[in-house]
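What follows is the content of model02.pdb (PDB, C-alpha atoms).
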ATOM      1  CA  MET A   1      97.674  42.297 126.161
ATOM      2  CA  LYS A   2      96.283  45.105 123.993
ATOM      3  CA  LYS A   3      94.718  42.543 121.635
ATOM      4  CA  LYS A   4      92.983  40.738 124.505
ATOM      5  CA  LEU A   5      91.706  44.051 125.873
ATOM      6  CA  ALA A   6      90.312  45.020 122.451
ATOM      7  CA  ILE A   7      88.463  41.717 122.145
ATOM      8  CA  LEU A   8      87.034  42.139 125.636
ATOM      9  CA  LEU A   9      85.866  45.698 124.891
ATOM     10  CA  SER A  10      84.244  44.530 121.651
ATOM     11  CA  ALA A  11      82.334  41.846 123.507
ATOM     12  CA  VAL A  12      81.076  44.403 126.033
ATOM     13  CA  MET A  13      79.949  46.752 123.259
ATOM     14  CA  VAL A  14      78.073  43.972 121.430
ATOM     15  CA  ALA A  15      76.346  42.897 124.639
ATOM     16  CA  GLY A  16      75.279  46.516 125.142
ATOM     17  CA  VAL A  17      73.465  46.824 121.799
ATOM     18  CA  ILE A  18      71.829  43.380 121.506
ATOM     19  CA  PRO A  19      68.532  43.034 123.455
ATOM     20  CA  MET A  20      68.549  40.282 126.017
ATOM     21  CA  THR A  21      65.551  38.627 124.362
ATOM     22  CA  ALA A  22      67.597  38.266 121.183
ATOM     23  CA  LEU A  23      70.053  36.120 123.112
ATOM     24  CA  ALA A  24      67.274  33.784 124.236
ATOM     25  CA  GLY A  25      66.806  30.515 122.447
ATOM     26  CA  THR A  26      63.087  31.134 121.857
ATOM     27  CA  THR A  27      61.372  32.093 118.620
ATOM     28  CA  THR A  28      58.032  33.929 118.470
ATOM     29  CA  TYR A  29      55.747  33.776 115.429
ATOM     30  CA  VAL A  30      52.129  33.412 114.264
ATOM     31  CA  ASN A  31      51.088  30.110 112.748
ATOM     32  CA  LYS A  32      48.579  31.524 110.248
ATOM     33  CA  THR A  33      47.339  34.807 108.780
ATOM     34  CA  VAL A  34      43.588  34.835 108.159
ATOM     35  CA  THR A  35      41.488  37.088 105.916
ATOM     36  CA  VAL A  36      38.649  38.837 107.733
ATOM     37  CA  GLU A  37      36.180  41.688 107.433
ATOM     38  CA  LYS A  38      35.769  44.568 109.832
ATOM     39  CA  GLY A  39      33.690  43.458 112.807
ATOM     40  CA  ASP A  40      34.662  39.793 112.440
ATOM     41  CA  THR A  41      36.163  37.816 115.303
ATOM     42  CA  THR A  42      39.198  35.537 115.232
ATOM     43  CA  ASN A  43      39.589  32.401 117.333
ATOM     44  CA  GLU A  44      41.988  29.513 117.849
ATOM     45  CA  GLU A  45      42.585  29.346 114.099
ATOM     46  CA  SER A  46      45.300  31.978 114.638
ATOM     47  CA  LEU A  47      47.940  31.310 117.291
ATOM     48  CA  VAL A  48      50.940  33.050 118.730
ATOM     49  CA  VAL A  49      53.571  30.326 118.929
ATOM     50  CA  ILE A  50      56.641  30.473 121.186
ATOM     51  CA  LYS A  51      59.226  27.860 120.326
ATOM     52  CA  ASP A  52      61.658  26.977 123.118
ATOM     53  CA  GLY A  53      64.353  25.735 120.768
ATOM     54  CA  ASN A  54      67.197  25.554 123.281
ATOM     55  CA  ASP A  55      65.112  24.594 126.327
ATOM     56  CA  ASP A  56      65.818  27.988 127.892
ATOM     57  CA  ILE A  57      62.348  28.230 129.425
ATOM     58  CA  ALA A  58      62.455  24.580 130.528
ATOM     59  CA  ALA A  59      65.769  25.161 132.292
ATOM     60  CA  SER A  60      64.516  28.234 134.130
ATOM     61  CA  SER A  61      63.049  28.069 137.636
ATOM     62  CA  GLU A  62      61.080  31.300 137.179
ATOM     63  CA  ASP A  63      57.748  32.220 135.592
ATOM     64  CA  GLN A  64      58.042  33.844 132.171
ATOM     65  CA  THR A  65      55.717  36.864 131.936
ATOM     66  CA  PHE A  66      55.261  38.949 128.800
ATOM     67  CA  THR A  67      52.626  41.137 127.107
ATOM     68  CA  MET A  68      50.743  40.924 123.803
ATOM     69  CA  THR A  69      49.358  44.147 122.285
ATOM     70  CA  LEU A  70      46.954  44.414 119.345
ATOM     71  CA  GLU A  71      46.811  46.923 116.510
ATOM     72  CA  GLY A  72      43.543  47.051 114.547
ATOM     73  CA  ALA A  73      41.648  44.745 116.908
ATOM     74  CA  GLU A  74      40.468  44.277 120.496
ATOM     75  CA  TRP A  75      40.830  41.309 122.837
ATOM     76  CA  LEU A  76      37.737  39.275 123.643
ATOM     77  CA  ASP A  77      36.969  38.131 127.195
ATOM     78  CA  GLU A  78      37.621  34.517 126.111
ATOM     79  CA  MET A  79      41.346  35.264 126.360
ATOM     80  CA  GLU A  80      41.194  34.991 130.156
ATOM     81  CA  ASN A  81      40.030  31.368 129.827
ATOM     82  CA  ILE A  82      43.256  30.426 128.098
ATOM     83  CA  LYS A  83      45.255  28.553 130.704
ATOM     84  CA  GLU A  84      46.188  24.993 131.359
ATOM     85  CA  GLY A  85      43.101  22.980 132.250
ATOM     86  CA  ALA A  86      40.528  25.681 131.404
ATOM     87  CA  THR A  87      40.560  26.737 127.767
ATOM     88  CA  PRO A  88      37.998  26.759 124.940
ATOM     89  CA  ALA A  89      40.773  26.290 122.424
ATOM     90  CA  LYS A  90      41.264  23.042 120.545
ATOM     91  CA  TYR A  91      45.044  23.353 120.940
ATOM     92  CA  ASP A  92      47.058  22.124 123.898
ATOM     93  CA  VAL A  93      48.009  25.097 126.091
ATOM     94  CA  THR A  94      50.059  23.139 128.599
ATOM     95  CA  GLY A  95      52.398  25.453 130.471
ATOM     96  CA  ILE A  96      50.264  28.599 130.147
ATOM     97  CA  ALA A  97      49.596  29.663 133.734
ATOM     98  CA  SER A  98      47.378  32.671 133.002
ATOM     99  CA  VAL A  99      46.253  35.277 130.484
ATOM    100  CA  VAL A 100      44.996  38.546 131.991
ATOM    101  CA  LYS A 101      43.394  41.410 130.055
ATOM    102  CA  ALA A 102      44.832  44.867 130.666
ATOM    103  CA  GLY A 103      42.291  46.839 128.654
ATOM    104  CA  ASP A 104      40.983  46.223 125.135
ATOM    105  CA  LYS A 105      44.386  46.182 123.458
ATOM    106  CA  LYS A 106      46.761  44.416 125.845
ATOM    107  CA  VAL A 107      46.989  41.114 127.717
ATOM    108  CA  THR A 108      49.639  39.800 130.090
ATOM    109  CA  VAL A 109      50.645  36.156 129.616
ATOM    110  CA  THR A 110      52.504  33.986 132.119
ATOM    111  CA  ILE A 111      54.224  30.688 131.356
ATOM    112  CA  ASP A 112      54.536  28.492 134.433
ATOM    113  CA  ALA A 113      57.979  28.065 135.991
ATOM    114  CA  GLY A 114      57.676  24.295 135.816
ATOM    115  CA  ALA A 115      56.776  24.203 132.127
ATOM    116  CA  SER A 116      58.988  22.199 129.785
ATOM    117  CA  GLU A 117      57.171  22.340 126.424
ATOM    118  CA  LYS A 118      58.899  22.755 123.076
ATOM    119  CA  TYR A 119      56.019  24.922 121.852
ATOM    120  CA  TYR A 120      53.674  27.261 123.751
ATOM    121  CA  ARG A 121      50.519  28.132 121.805
ATOM    122  CA  ILE A 122      48.266  31.091 122.617
ATOM    123  CA  PRO A 123      45.021  31.346 120.614
ATOM    124  CA  LEU A 124      44.024  34.840 119.476
ATOM    125  CA  PHE A 125      40.425  35.571 120.432
ATOM    126  CA  THR A 126      39.933  39.079 119.034
ATOM    127  CA  LYS A 127      37.435  41.404 117.357
ATOM    128  CA  ILE A 128      38.613  43.255 114.244
ATOM    129  CA  THR A 129      38.127  47.030 114.474
ATOM    130  CA  ASP A 130      40.221  48.425 111.598
ATOM    131  CA  LYS A 131      41.104  47.623 108.007
ATOM    132  CA  GLY A 132      44.406  46.469 106.551
ATOM    133  CA  ASP A 133      47.053  44.452 108.407
ATOM    134  CA  ILE A 134      46.014  43.438 111.930
ATOM    135  CA  THR A 135      49.009  42.818 114.187
ATOM    136  CA  VAL A 136      49.914  41.393 117.571
ATOM    137  CA  THR A 137      53.105  42.593 119.254
ATOM    138  CA  VAL A 138      54.733  40.263 121.749
ATOM    139  CA  ASP A 139      56.951  42.158 124.201
ATOM    140  CA  GLY A 140      59.177  39.724 126.061
ATOM    141  CA  LYS A 141      60.004  42.271 128.765
ATOM    142  CA  ASP A 142      62.495  40.620 131.169
ATOM    143  CA  SER A 143      61.421  37.107 130.243
ATOM    144  CA  LEU A 144      63.071  34.534 127.988
ATOM    145  CA  VAL A 145      60.343  35.023 125.391
ATOM    146  CA  SER A 146      61.538  36.727 122.213
ATOM    147  CA  SER A 147      59.788  39.940 121.183
ATOM    148  CA  ALA A 148      58.114  40.146 117.777
ATOM    149  CA  THR A 149      55.382  41.945 115.848
ATOM    150  CA  CYS A 150      53.332  39.608 113.651
ATOM    151  CA  VAL A 151      50.462  40.049 111.192
ATOM    152  CA  TYR A 152      47.805  37.515 112.161
ATOM    153  CA  ALA A 153      44.885  38.841 110.071
ATOM    154  CA  VAL A 154      44.235  40.988 107.016
ATOM    155  CA  CYS A 155      40.989  42.951 107.008
ATOM    156  CA  THR A 156      39.588  43.464 103.520
ATOM    157  CA  SER A 157      39.005  47.112 102.655
ATOM    158  CA  GLY A 158      35.472  46.884 101.335
ATOM    159  CA  ALA A 159      33.877  50.026  99.950
ATOM    160  CA  ALA A 160      30.598  51.798 100.611
ATOM    161  CA  THR A 161      29.115  53.791  97.745
ATOM    162  CA  ALA A 162      26.259  56.218  97.121
ATOM    163  CA  LYS A 163      24.301  56.894  93.922
ATOM    164  CA  ILE A 164      21.137  58.595  92.681
ATOM    165  CA  GLU A 165      18.817  57.375  89.925
ATOM    166  CA  LYS A 166      18.600  60.582  87.863
ATOM    167  CA  THR A 167      17.976  64.312  88.147
ATOM    168  CA  VAL A 168      14.682  66.221  88.409
ATOM    169  CA  ASN A 169      13.407  69.717  87.672
ATOM    170  CA  ILE A 170      13.202  71.843  90.812
ATOM    171  CA  PRO A 171      10.691  74.736  90.787
ATOM    172  CA  GLU A 172      10.763  77.681  93.166
ATOM    173  CA  THR A 173       8.514  75.799  95.591
ATOM    174  CA  GLY A 174      10.916  72.844  95.755
ATOM    175  CA  ALA A 175      10.756  69.222  94.585
ATOM    176  CA  VAL A 176      11.298  65.715  95.861
ATOM    177  CA  ILE A 177      14.494  64.349  94.318
ATOM    178  CA  LYS A 178      15.069  60.780  93.194
ATOM    179  CA  ASP A 179      16.023  58.068  95.680
ATOM    180  CA  ILE A 180      19.594  57.938  96.994
ATOM    181  CA  THR A 181      21.002  54.416  97.413
ATOM    182  CA  ILE A 182      23.880  53.670  99.803
ATOM    183  CA  SER A 183      25.456  50.196  99.684
ATOM    184  CA  GLU A 184      28.410  48.216 101.037
ATOM    185  CA  THR A 185      30.568  45.925  98.893
ATOM    186  CA  THR A 186      31.525  43.973 102.030
ATOM    187  CA  ALA A 187      29.988  43.748 105.491
ATOM    188  CA  GLY A 188      31.341  46.392 107.849
ATOM    189  CA  ALA A 189      32.540  48.754 105.117
ATOM    190  CA  ILE A 190      30.475  51.527 106.727
ATOM    191  CA  ASP A 191      31.854  52.663 110.086
ATOM    192  CA  ARG A 192      28.771  52.457 112.281
ATOM    193  CA  ALA A 193      30.388  54.496 115.045
ATOM    194  CA  LYS A 194      30.264  57.579 112.797
ATOM    195  CA  LYS A 195      27.613  59.467 110.766
ATOM    196  CA  ILE A 196      26.829  59.713 107.061
ATOM    197  CA  GLU A 197      26.299  63.251 105.778
ATOM    198  CA  LEU A 198      24.516  64.591 102.693
ATOM    199  CA  LYS A 199      25.522  68.171 101.846
ATOM    200  CA  LEU A 200      23.925  70.542  99.310
ATOM    201  CA  ASN A 201      25.818  73.190  97.386
ATOM    202  CA  LYS A 202      25.021  76.868  97.877
ATOM    203  CA  ASN A 203      21.702  78.425  96.802
ATOM    204  CA  PHE A 204      19.728  75.292  97.687
ATOM    205  CA  LYS A 205      18.409  73.904 100.968
ATOM    206  CA  PHE A 206      16.826  70.722 102.310
ATOM    207  CA  THR A 207      13.164  71.099 103.309
ATOM    208  CA  ASP A 208      12.487  67.407 104.015
ATOM    209  CA  CYS A 209      15.037  64.768 105.065
ATOM    210  CA  GLY A 210      13.038  61.898 103.553
ATOM    211  CA  SER A 211      12.750  58.417 105.024
ATOM    212  CA  TYR A 212      14.926  55.329 105.384
ATOM    213  CA  ILE A 213      14.099  52.141 103.462
ATOM    214  CA  PRO A 214      16.180  48.996 104.210
ATOM    215  CA  VAL A 215      16.919  46.797 101.191
ATOM    216  CA  LEU A 216      19.597  44.229 102.092
ATOM    217  CA  GLY A 217      21.723  43.144 105.034
ATOM    218  CA  ASP A 218      22.049  44.633 108.506
ATOM    219  CA  ASP A 219      19.572  47.300 109.628
ATOM    220  CA  PHE A 220      21.834  49.772 111.441
ATOM    221  CA  VAL A 221      20.377  53.178 110.492
ATOM    222  CA  ASP A 222      19.073  54.822 113.676
ATOM    223  CA  TYR A 223      17.399  58.000 112.384
ATOM    224  CA  ILE A 224      17.708  60.778 109.795
ATOM    225  CA  GLU A 225      17.437  64.530 110.299
ATOM    226  CA  ILE A 226      18.194  67.862 108.685
ATOM    227  CA  ASP A 227      21.040  69.404 110.653
ATOM    228  CA  PRO A 228      19.347  71.772 113.158
ATOM    229  CA  THR A 229      22.072  74.375 112.554
ATOM    230  CA  ASN A 230      22.457  73.947 108.779
ATOM    231  CA  ASN A 231      19.589  73.323 106.346
ATOM    232  CA  LYS A 232      22.080  72.379 103.650
ATOM    233  CA  LYS A 233      23.014  69.163 105.478
ATOM    234  CA  ILE A 234      21.191  65.895 106.213
ATOM    235  CA  ILE A 235      22.674  63.629 108.894
ATOM    236  CA  ILE A 236      22.142  59.857 108.866
ATOM    237  CA  HIS A 237      22.711  58.572 112.401
ATOM    238  CA  LEU A 238      23.891  54.951 112.714
ATOM    239  CA  ASP A 239      23.511  52.324 115.439
ATOM    240  CA  ASN A 240      26.912  50.913 116.388
ATOM    241  CA  THR A 241      25.384  48.176 118.571
ATOM    242  CA  VAL A 242      24.014  46.166 115.621
ATOM    243  CA  PRO A 243      26.345  43.176 114.934
ATOM    244  CA  VAL A 244      28.142  43.114 111.599
ATOM    245  CA  LYS A 245      26.842  40.103 109.684
ATOM    246  CA  LYS A 246      25.980  40.985 106.096
ATOM    247  CA  ALA A 247      26.754  43.666 103.518
ATOM    248  CA  THR A 248      24.050  46.329 103.622
ATOM    249  CA  GLU A 249      22.105  48.388 101.112
ATOM    250  CA  PHE A 250      19.486  51.004 101.948
ATOM    251  CA  ILE A 251      17.585  53.843 100.281
ATOM    252  CA  ILE A 252      16.824  57.380 101.412
ATOM    253  CA  SER A 253      13.569  58.304  99.717
ATOM    254  CA  GLY A 254      11.516  61.508  99.690
ATOM    255  CA  ILE A 255      14.266  64.098 100.209
ATOM    256  CA  GLU A 256      12.969  67.539  99.235
ATOM    257  CA  VAL A 257      15.247  70.235  97.854
ATOM    258  CA  THR A 258      14.216  73.898  97.483
ATOM    259  CA  PRO A 259      16.067  76.778  95.773
ATOM    260  CA  ASP A 260      17.554  79.260  98.223
ATOM    261  CA  ASP A 261      18.355  82.467  96.331
ATOM    262  CA  ALA A 262      19.372  80.400  93.288
ATOM    263  CA  LYS A 263      19.255  81.588  89.685
ATOM    264  CA  ILE A 264      17.265  79.835  86.990
ATOM    265  CA  GLY A 265      19.344  76.977  85.583
ATOM    266  CA  ALA A 266      21.367  76.465  88.768
ATOM    267  CA  VAL A 267      22.182  72.800  89.472
ATOM    268  CA  ALA A 268      21.616  71.284  92.904
ATOM    269  CA  GLU A 269      24.519  69.008  93.842
ATOM    270  CA  ILE A 270      24.635  66.644  96.809
ATOM    271  CA  THR A 271      27.884  65.335  98.326
ATOM    272  CA  VAL A 272      27.669  62.113 100.337
ATOM    273  CA  SER A 273      30.510  61.391 102.790
ATOM    274  CA  GLY A 274      31.386  60.169 106.272
ATOM    275  CA  ALA A 275      31.479  56.786 108.033
ATOM    276  CA  ASP A 276      33.931  55.472 105.398
ATOM    277  CA  VAL A 277      31.447  55.947 102.547
ATOM    278  CA  THR A 278      33.371  56.827  99.392
ATOM    279  CA  LYS A 279      32.965  60.593  99.021
ATOM    280  CA  THR A 280      30.698  61.182  96.025
ATOM    281  CA  THR A 281      29.119  64.292  94.505
ATOM    282  CA  PHE A 282      26.203  63.972  92.090
ATOM    283  CA  GLU A 283      23.583  66.211  90.481
ATOM    284  CA  ALA A 284      20.137  65.990  92.065
ATOM    285  CA  GLY A 285      18.196  68.513  89.973
ATOM    286  CA  THR A 286      18.049  71.836  88.120
ATOM    287  CA  TYR A 287      16.197  74.993  89.167
ATOM    288  CA  THR A 288      13.544  75.470  86.492
ATOM    289  CA  ASP A 289      11.099  78.380  86.002
ATOM    290  CA  TYR A 290       7.546  77.097  85.652
ATOM    291  CA  GLY A 291       6.120  80.568  84.919
ATOM    292  CA  VAL A 292       2.806  81.249  83.153
ATOM    293  CA  LYS A 293       2.899  83.250  79.909
ATOM    294  CA  ILE A 294       0.048  85.810  79.541
ATOM    295  CA  ALA A 295      -1.103  87.093  76.095
ATOM    296  CA  ILE A 296      -3.529  89.972  75.267
ATOM    297  CA  TYR A 297      -6.060  89.401  72.460
ATOM    298  CA  ASP A 298      -8.119  91.864  70.445
ATOM    299  CA  GLU A 299     -11.835  91.792  71.231
ATOM    300  CA  ASP A 300     -12.588  90.469  67.757
ATOM    301  CA  GLU A 301     -10.137  87.597  68.022
ATOM    302  CA  GLU A 302     -11.249  84.157  69.020
ATOM    303  CA  ILE A 303     -10.127  83.323  72.530
ATOM    304  CA  PRO A 304      -8.590  79.861  72.695
ATOM    305  CA  THR A 305     -10.325  77.301  74.844
ATOM    306  CA  PHE A 306      -8.203  75.231  77.269
TER     307      PHE A 306
END
For this file, write the structure as structure tokens.
Amino acid sequence: MKKKLAILLSAVMVAGVIPMTALAGTTTYVNKTVTVEKGDTTNEESLVVIKDGNDDIAASSEDQTFTMTLEGAEWLDEMENIKEGATPAKYDVTGIASVVKAGDKKVTVTIDAGASEKYYRIPLFTKITDKGDITVTVDGKDSLVSSATCVYAVCTSGAATAKIEKTVNIPETGAVIKDITISETTAGAIDRAKKIELKLNKNFKFTDCGSYIPVLGDDFVDYIEIDPTNNKKIIIHLDNTVPVKKATEFIISGIEVTPDDAKIGAVAEITVSGADVTKTTFEAGTYTDYGVKIAIYDEDEEIPTF
């Protein structure tokens, strides 16, 4: 009797720690992981697949409703067209009753109570917003669908860099420094929702923010200004509404730097950072004295002619 009771208690304890979805005969996975760049969109090439291995869903007389949540991406409106008889996908979505967006990150999916498919395929129409592994988490809730978190895309971590041609001599009245070039190694490497900043070290100030010259790729620079509250900073404002299509390169030309209580020989350094541009500090110029030397000559000496 004690042995039977122990076995019964063990069974109760096991049932208490195993999620109900783990007992279901369904398997949830992604058919393919694609390589993308930030700002790209995914389509029916990537699918969440639910395999009804033991016909659990087919045997049920109830709808199966679950959620899918993204990390590193946002759902596109096309998701709500994914249902039996009205889908842009090239895959058969028989049995999918509806897909409803619940914000940018989550959708609710319902499999019809009368469905009897071995596989249910849900295309992933998304826009990539972050770098690294992009995941979709299927939460089975109270349904027979198994929960899982799957990587369906990998966003390449392209870099954005800044450089200057060479240094210049900077007199007391200031000087225009050489062009600064900012470039992306891959499209979308610069976060267009943020700002790029150029900062001077102490004892120098910006007296002209220069102008923007596009070279390659997308034109997403909005405008440039010297920070109204800090003349040691230039802000490059970006336009986040420009679609990400090509890697970009642009030049900031005509920036003027002036000594600000600096000593002769002081070096003006500019640090470029922000919007995922690799933080870089480079020398822009050196404060140089362009003084005039005066000499006194005897009246009998020949005065040189210039």
Pick from A:Glu256, A:Glu44, A:Asp56, A:Asp179, whichever lies nearest to A:Gly114 using only C-alpha atoms: A:Asp56
Chain and number of each residue from the PyMOL selection byres ((chain A and resi 108-110) around 10), as a PyMOL selection string: chain A and resi 63-69+79-80+82-83+95-102+106-107+111-113+122+138-140+143
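For the pair atom CA of A:Glu74 and atom CA of A:Ala115, the interatomic distance is 28.4 Å.
Residues selected in this file by the PyMOL selection byres ((chain A and resi 130) around 10) comprise A:Glu37, A:Lys38, A:Gly39, A:Glu71, A:Gly72, A:Ala73, A:Glu74, A:Lys127, A:Ile128, A:Thr129, A:Lys131, A:Gly132, A:Asp133, A:Ile134, A:Val154, A:Cys155, A:Thr156, A:Ser157, A:Gly188, A:Asp191.
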Selection under test: the PyMOL selection byres ((chain A and resi 221) around 10); residues as a ChimeraX atom specification: /A:192,195-196,212-214,218-220,222-224,236-240,242,250
Residues of stretch 108-209 of chain A that approach stretch 276-281 of chain A to 6 Å or less, counting all atoms listed in the file: could you list each one with the shortest pair of atoms and its distance in Å to one decimal, rows by chain and increasing residue number, as a Markdown table?
| residue | atom | partner | partner_atom | distance |
| --- | --- | --- | --- | --- |
| A:Ala160 | CA | A:Val277 | CA | 4.7 |
| A:Thr161 | CA | A:Thr278 | CA | 5.5 |
| A:Ile190 | CA | A:Asp276 | CA | 5.4 |
| A:Asp191 | CA | A:Asp276 | CA | 5.8 |
Spatial neighbours of A:Gly254, max dist 8 Å, all atoms listed in the file, sep filter under 4 positions, as an NGL selection string: :A and (176-179 or 208-211)
Skipping near chain neighbours, those fewer than 6 positions away, what residues fall within 12 Å of A:Asn169 using only C-alpha atoms, listed as an mmCIF file with C-alpha atoms, in the coordinates of the input?
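Dumped to out_12.cif:
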data_model
loop_
_atom_site.group_PDB
_atom_site.id
_atom_site.type_symbol
_atom_site.label_atom_id
_atom_site.label_comp_id
_atom_site.auth_asym_id
_atom_site.auth_seq_id
_atom_site.Cartn_x
_atom_site.Cartn_y
_atom_site.Cartn_z
ATOM 1 C CA ALA A 175 10.756 69.222 94.585
ATOM 2 C CA VAL A 176 11.298 65.715 95.861
ATOM 3 C CA ILE A 177 14.494 64.349 94.318
ATOM 4 C CA LYS A 178 15.069 60.780 93.194
ATOM 5 C CA GLU A 256 12.969 67.539 99.235
ATOM 6 C CA VAL A 257 15.247 70.235 97.854
ATOM 7 C CA THR A 258 14.216 73.898 97.483
ATOM 8 C CA PRO A 259 16.067 76.778 95.773
ATOM 9 C CA ILE A 264 17.265 79.835 86.990
ATOM 10 C CA GLY A 265 19.344 76.977 85.583
ATOM 11 C CA ALA A 266 21.367 76.465 88.768
ATOM 12 C CA VAL A 267 22.182 72.800 89.472
ATOM 13 C CA ALA A 268 21.616 71.284 92.904
ATOM 14 C CA GLU A 283 23.583 66.211 90.481
ATOM 15 C CA ALA A 284 20.137 65.990 92.065
ATOM 16 C CA GLY A 285 18.196 68.513 89.973
ATOM 17 C CA THR A 286 18.049 71.836 88.120
ATOM 18 C CA TYR A 287 16.197 74.993 89.167
ATOM 19 C CA THR A 288 13.544 75.470 86.492
ATOM 20 C CA ASP A 289 11.099 78.380 86.002
ATOM 21 C CA TYR A 290 7.546 77.097 85.652
#
Could you give me, as a short mmCIF file (atom, residue, chain, number, x, y, z; two decimals) with C-alpha atoms, keeping the file's coordinate frame, the residues within 10 Å of A:Val215, counting only C-alpha atoms and dropping anything in the same chain fewer than 4 positions from it?
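Final file, result28.cif:
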data_model
loop_
_atom_site.label_atom_id
_atom_site.label_comp_id
_atom_site.auth_asym_id
_atom_site.auth_seq_id
_atom_site.Cartn_x
_atom_site.Cartn_y
_atom_site.Cartn_z
CA THR A 181 21.00 54.42 97.41
CA ILE A 182 23.88 53.67 99.80
CA SER A 183 25.46 50.20 99.68
CA ASP A 219 19.57 47.30 109.63
CA THR A 248 24.05 46.33 103.62
CA GLU A 249 22.10 48.39 101.11
CA PHE A 250 19.49 51.00 101.95
CA ILE A 251 17.58 53.84 100.28
#
Nearest residue to A:Pro171 from the set A:Tyr29, A:Tyr120, A:Tyr152, A:Phe204 (distances using only C-alpha atoms): A:Phe204
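Nearest residue to A:Asp40 among A:Ile270, A:Ile252, A:Val168, A:Ala153 is A:Ala153, counting all atoms listed in the file.
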Pull stretch 66-81 of chain A out of the block and emit N, CA and C atoms, as a PDB file, in the first residue's frame.
ATOM      1  N   PHE A  66      -2.768  31.276 -29.331  1.00  0.00           N
ATOM      2  CA  PHE A  66      -1.468  31.490 -28.693  1.00  0.00           C
ATOM      3  C   PHE A  66      -0.905  32.820 -29.174  1.00  0.00           C
ATOM      4  N   THR A  67       0.210  33.265 -28.563  1.00  0.00           N
ATOM      5  CA  THR A  67       0.821  34.538 -28.949  1.00  0.00           C
ATOM      6  C   THR A  67       2.229  34.313 -29.497  1.00  0.00           C
ATOM      7  N   MET A  68       2.681  35.262 -30.322  1.00  0.00           N
ATOM      8  CA  MET A  68       4.056  35.261 -30.825  1.00  0.00           C
ATOM      9  C   MET A  68       4.633  36.653 -30.581  1.00  0.00           C
ATOM     10  N   THR A  69       5.757  36.716 -29.864  1.00  0.00           N
ATOM     11  CA  THR A  69       6.371  37.989 -29.481  1.00  0.00           C
ATOM     12  C   THR A  69       7.779  38.093 -30.056  1.00  0.00           C
ATOM     13  N   LEU A  70       8.089  39.253 -30.620  1.00  0.00           N
ATOM     14  CA  LEU A  70       9.393  39.473 -31.258  1.00  0.00           C
ATOM     15  C   LEU A  70      10.379  40.140 -30.316  1.00  0.00           C
ATOM     16  N   GLU A  71      11.655  39.865 -30.559  1.00  0.00           N
ATOM     17  CA  GLU A  71      12.755  40.562 -29.894  1.00  0.00           C
ATOM     18  C   GLU A  71      13.724  40.977 -30.981  1.00  0.00           C
ATOM     19  N   GLY A  72      13.928  42.315 -31.125  1.00  0.00           N
ATOM     20  CA  GLY A  72      14.834  42.817 -32.160  1.00  0.00           C
ATOM     21  C   GLY A  72      14.154  43.115 -33.478  1.00  0.00           C
ATOM     22  N   ALA A  73      12.818  43.082 -33.495  1.00  0.00           N
ATOM     23  CA  ALA A  73      12.072  43.348 -34.724  1.00  0.00           C
ATOM     24  C   ALA A  73      10.662  43.801 -34.376  1.00  0.00           C
ATOM     25  N   GLU A  74       9.927  44.244 -35.399  1.00  0.00           N
ATOM     26  CA  GLU A  74       8.535  44.653 -35.239  1.00  0.00           C
ATOM     27  C   GLU A  74       7.685  43.960 -36.302  1.00  0.00           C
ATOM     28  N   TRP A  75       6.443  43.665 -35.952  1.00  0.00           N
ATOM     29  CA  TRP A  75       5.530  43.027 -36.898  1.00  0.00           C
ATOM     30  C   TRP A  75       5.074  44.023 -37.959  1.00  0.00           C
ATOM     31  N   LEU A  76       4.963  43.566 -39.179  1.00  0.00           N
ATOM     32  CA  LEU A  76       4.394  44.364 -40.255  1.00  0.00           C
ATOM     33  C   LEU A  76       2.883  44.119 -40.328  1.00  0.00           C
ATOM     34  N   ASP A  77       2.169  45.056 -40.943  1.00  0.00           N
ATOM     35  CA  ASP A  77       0.709  44.936 -41.035  1.00  0.00           C
ATOM     36  C   ASP A  77       0.282  43.716 -41.851  1.00  0.00           C
ATOM     37  N   GLU A  78       1.182  43.242 -42.740  1.00  0.00           N
ATOM     38  CA  GLU A  78       0.854  42.060 -43.557  1.00  0.00           C
ATOM     39  C   GLU A  78       0.501  40.844 -42.721  1.00  0.00           C
ATOM     40  N   MET A  79       0.921  40.811 -41.472  1.00  0.00           N
ATOM     41  CA  MET A  79       0.627  39.655 -40.613  1.00  0.00           C
ATOM     42  C   MET A  79      -0.874  39.416 -40.503  1.00  0.00           C
ATOM     43  N   GLU A  80      -1.667  40.485 -40.506  1.00  0.00           N
ATOM     44  CA  GLU A  80      -3.111  40.315 -40.304  1.00  0.00           C
ATOM     45  C   GLU A  80      -3.810  39.768 -41.541  1.00  0.00           C
ATOM     46  N   ASN A  81      -3.061  39.624 -42.644  1.00  0.00           N
ATOM     47  CA  ASN A  81      -3.618  38.987 -43.848  1.00  0.00           C
ATOM     48  C   ASN A  81      -3.367  37.481 -43.870  1.00  0.00           C
TER      49      ASN A  81
END
